[in-house]
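**Student:** Take this structure, written in structure tokens, and hold onto it; I'll ask about it next.
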Amino acid sequence: MSGRRDQHDAHPPTRTEPTLGDLDRLDAPRAPSRDGLPEVSVEPRHPHARRGAPVRRRRRGWLVPLLLLLVVVAAGTLWFNQNRLRGMLPRTDFNTVLTQAQQALQDGRLDGQDGTSARELFQAAAALEPDNDRARDGLRQVGQAELAQADAALQAGQIAQATQQAAVARELLGGGSDIDRLDHAISSARASQVQTVDLVDQAQQALATGKLDGVAGAGALYQRVLRADPGNAVAAHGLDQVGYALAAQARKAFDVKDTAAANASIEQLAALQPNNGALPALRAVQAQTRKQDNSALDAALSQGHDALRAGRIGGAGDDTALAHFQAALKLDPDNAQARVGLGKVAQAMTVQASAAIDAGDTTQANRLLDQAAQLAPKSADLAAARARLSSVASAPVAAANADEAEAPLAPAVLSPQQSAAVARLVQRAQLATKNGDIMMPPGDSAYDLYRSALAIDGNNDAALHGLQALPGQVEQQFSQALAAGKLKQADDMLANLAELAPGDAGQSRLGDRLASAWLDQAEQQLGRGDYVDAGQSLDHARKLAPNHPRVLDLTARLQGSR
């Protein structure tokens with residue numbers, strides 16, 4: 001049925017009826033219609049087409065971006081994990097080189113020129129794969145090992161080797177605080193090495209001229225070199241030569257009965273080389289000689305005291321107190337009893353000089369005071385007697401007739417200005433005594449200020465009493481310093497007392513107390529391994545009490561600890 005009108009109908013009906021048309025011409029091509037309506041083309045239907053096909057085509061449009069995204073992600077993953085993926089592939093050459101490099105590092109073959117060192121092998125591995133972390137880490141380990149070896153070489157005094165290894169470490173590690181520290185230490189060591197060479201030259205010159213002891217002696221100079229460079233073979237050999245020379249000096253001194261010189265050489269040798277092989281034999285000879293000398297020493301001391309009691313103070317002959325005590329001091333230069341005996345001789349001479357002053361015999365007084373000054377130049381009693389003699393000698397003679405026998409001298413009359421000056425000096429001296437400035441500083445010490453006052457007025461009671469009271473003040477300050485543990489100050493006070501009152505027998509007791517304190521300190525220092533300070537404390541004690549049993553024991557222990 002068709003809705004079109006029959007064009008051959010002359011009288012078309014008013015209503016168009018539907019018709020089927022010419023069924024025989026159904027397959028024939030049709031002419032285009034001219035009904036005025038828009039044409040609609042209808043495509044043939046595919047037998048497998050389903051409804052909704054257009055929707056599927058719209059969904060398939062997102063597939064391409066998704067695939068592109070997956071490709072990008074995969075490419076990034078491959079890029080960032082290329083080292084890991086590369087490691088999953090067979091790399092025979094690379095792995096072999098890396099294994100050899102690790103073995104060289106473990107064996108300590110860090111650097112070289114034959115291609116077998118750790119540095120060369122790790123660099124070869126890095127050349128095969130520049131971005132490989134294992135190769136880079138290996139080079140860093142080589143740099144750290146070079147740095148450690150450079151430190152060890154510097155400690156051993158091998159400056160050239162330390163410098164070379166530090167340069168390799170800087171090249172591999174790219175610098176850093178550890179490298180900078182090492183470079184600074186190498187520079188300091190190189191500077192000290194130059195100074196060490198100068199010291200060696202000085203020591204060799206001192207040894208050639210026979211100057212062995214003292215600060216500028218060969219022994220002390222070689223010791224300074226070894227402290228700066230413990231491995232210096234030249235200094236070690238030089239110190240051995242010094243030790244040999246000191247031992248030879250000691251033997252020669254024993255041969256000529258010069259015990260003092262022999263003992264001095266032995267003590268110098270012990271200080272320089274406590275473990276010197278010649279020391280045991282020398283100590284044995286020293287002990288034997290000391291035992292032989294003890295009887296002669298005791299006899300000289302006894303004869304000296306007998307001469308003092310008999311009034312044979314000084315003068316010509318060998319049977320005076322002065323001669324006997326000097327003989328004892330020759331046998332033992334550090335003998336405290338002999339020194340005290342000489343101090344008593346000086347005191348006796350001072351007393352005799354004072355009696356001569358009272359008698360107006362200035363010539364005899366001067367002679368006696370000069371002799372006393374040779375034994376005790378800073379004796380307080382001696383200074384007071386000299387002041388009195390100077391004051392009296394400057395006064396006019398009291399005798400009315402010049403032909404009369406010598407009469408006692410009258411003291412000089414002081415002006416008001418002189419009296420005021422004496423008063424100020426005495427006041428300053430009293431303050432210096434209170435502050436502990438007994439013998440030092442020169443000119444401002446209590447001893448010098450009292451003497452200055454007595455130089456103006458030799459009979460000033462305050463100055464005389466103050467000067468003669470100084471030994472008692474020093475003893476009090478000695479006890480205070482010792483109680484406070486200030487051993488060096490106590491040592492100074494004891495030395496002051498020996499100068500001010502050389503004949504005081506109580507100094508021996510004070511010396512024993514101080515020696516015990518030094519020995520106690522040496523024990524503590526030795527117990528904590530402070531061998532240098534322990535040796536110094538022991539030296540102080542040895543000077544005060546050389547034959548003290550603890551001195552000998554600590555000396556042996558200190559030598560065994562070094």
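Quick note on naming: the chains in the structure tokens go A, B, ... in the order shown, residues restart at 1 in each chain, and ligands are numbered from 1 in order of appearance.
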Using only C-alpha atoms, what does the table of range 232-280 of chain A residues within 12 Å of range 528-541 of chain A look like, with each row giving the shortest atom pair and its distance in Å to one decimal, sorted by chain and ascending number, as CSV?

**Tutor:**
```
residue,atom,partner,partner_atom,distance
A:Glu267,CA,A:Asp539,CA,9.8
A:Gln268,CA,A:Asp539,CA,11.3
A:Ala270,CA,A:Gly535,CA,10.6
A:Ala271,CA,A:Gly535,CA,8.5
A:Leu272,CA,A:Gly535,CA,11.4
A:Pro274,CA,A:Gly535,CA,10.5
```

**Student:** Figure out the distance between CA of Leu494 in chain A and CA of His465 in chain A, please, to one decimal in Å.

**Tutor:**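 Rounded to one decimal, the two atoms are 20.8 Å apart.
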
**Student:** Can you build me a table of range 149-187 of chain A residues sitting at most 7 Å from range 130-143 of chain A, with the closest atom pair per residue and its distance in Å to one decimal, using only C-alpha atoms, sorted by chain and residue number, as JSON lines?

**Tutor:**
```
{"residue": "A:Val168", "atom": "CA", "partner": "A:Gly143", "partner_atom": "CA", "distance": 6.9}
{"residue": "A:Ala169", "atom": "CA", "partner": "A:Gly143", "partner_atom": "CA", "distance": 4.4}
{"residue": "A:Leu172", "atom": "CA", "partner": "A:Gly143", "partner_atom": "CA", "distance": 5.1}
{"residue": "A:Leu173", "atom": "CA", "partner": "A:Gly143", "partner_atom": "CA", "distance": 5.7}
```

**Student:** Export C-alpha atoms of the chosen residues as a JSON list (two decimals), in the first residue's frame?

**Tutor:**
```json
[["chain", "number", "residue", "atom", "x", "y", "z"],
["A", 168, "VAL", "CA", 94.42, 10.17, 47.27],
["A", 169, "ALA", "CA", 91.74, 10.33, 49.96],
["A", 172, "LEU", "CA", 88.27, 9.99, 46.08],
["A", 173, "LEU", "CA", 86.17, 11.58, 48.84]]
```

**Student:** Residues near range 248-265 of chain A, anyone? I mean within 7 Å using only C-alpha atoms, not counting same-chain ones fewer than 4 positions away, as a list in words.

**Tutor:**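 Non-adjacent residues within range: Tyr244, Leu269, Leu331, Asp332 and Pro333 of chain A.
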
**Student:** Would you list, as number ranges by chain, the residues of range 142-375 of chain A that end up in helix (DSSP H, G or I) under DSSP run on this structure's backbone?

**Tutor:** A: 142-155, 159-173, 177-208, 218-228, 233-255, 259-272, 279-310, 321-331, 336-358, 362-375

**Student:** Could you give me, as a PyMOL selection string, the residues within 12 Å of Leu369 in chain A, counting only C-alpha atoms and dropping anything in the same chain fewer than 4 positions from it?

**Tutor:** chain A and resi 345-357+362-365+373-379+381-390

**Student:** Write out as a PyMOL selection string which residues come within 8 Å of Leu470 in chain A when counting only C-alpha atoms, dropping same-chain ones fewer than 4 positions away.

**Tutor:** chain A and resi 380+433+438+447+466+474+500

**Student:** Of the candidates A:Asp240, A:Asn232, A:Ala299, A:Asp504, which one gets nearest to Asn275 in chain A if we count only C-alpha atoms?

**Tutor:**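 For Asn275 in chain A, the nearest of the candidates is A:Asp240.
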
**Student:** Find the residues around Gly341 in chain A up to 12 Å (only C-alpha atoms counted), leave out those fewer than 5 positions away in its own chain, and share them as JSON, numbers by chain.

**Tutor:** {"A": [300, 301, 302, 303, 304, 305, 306, 307, 308, 309, 313, 320, 321, 322, 323, 324, 325, 326, 327, 328, 329, 335, 336, 346, 347, 348, 375, 376, 498, 501, 502, 503, 504, 505, 507, 508]}

**Student:** For CA of Ala206 in chain A and CA of Val234 in chain A, determine how far apart the two atoms are, in Å to one decimal place.

**Tutor:** 14.5 Å
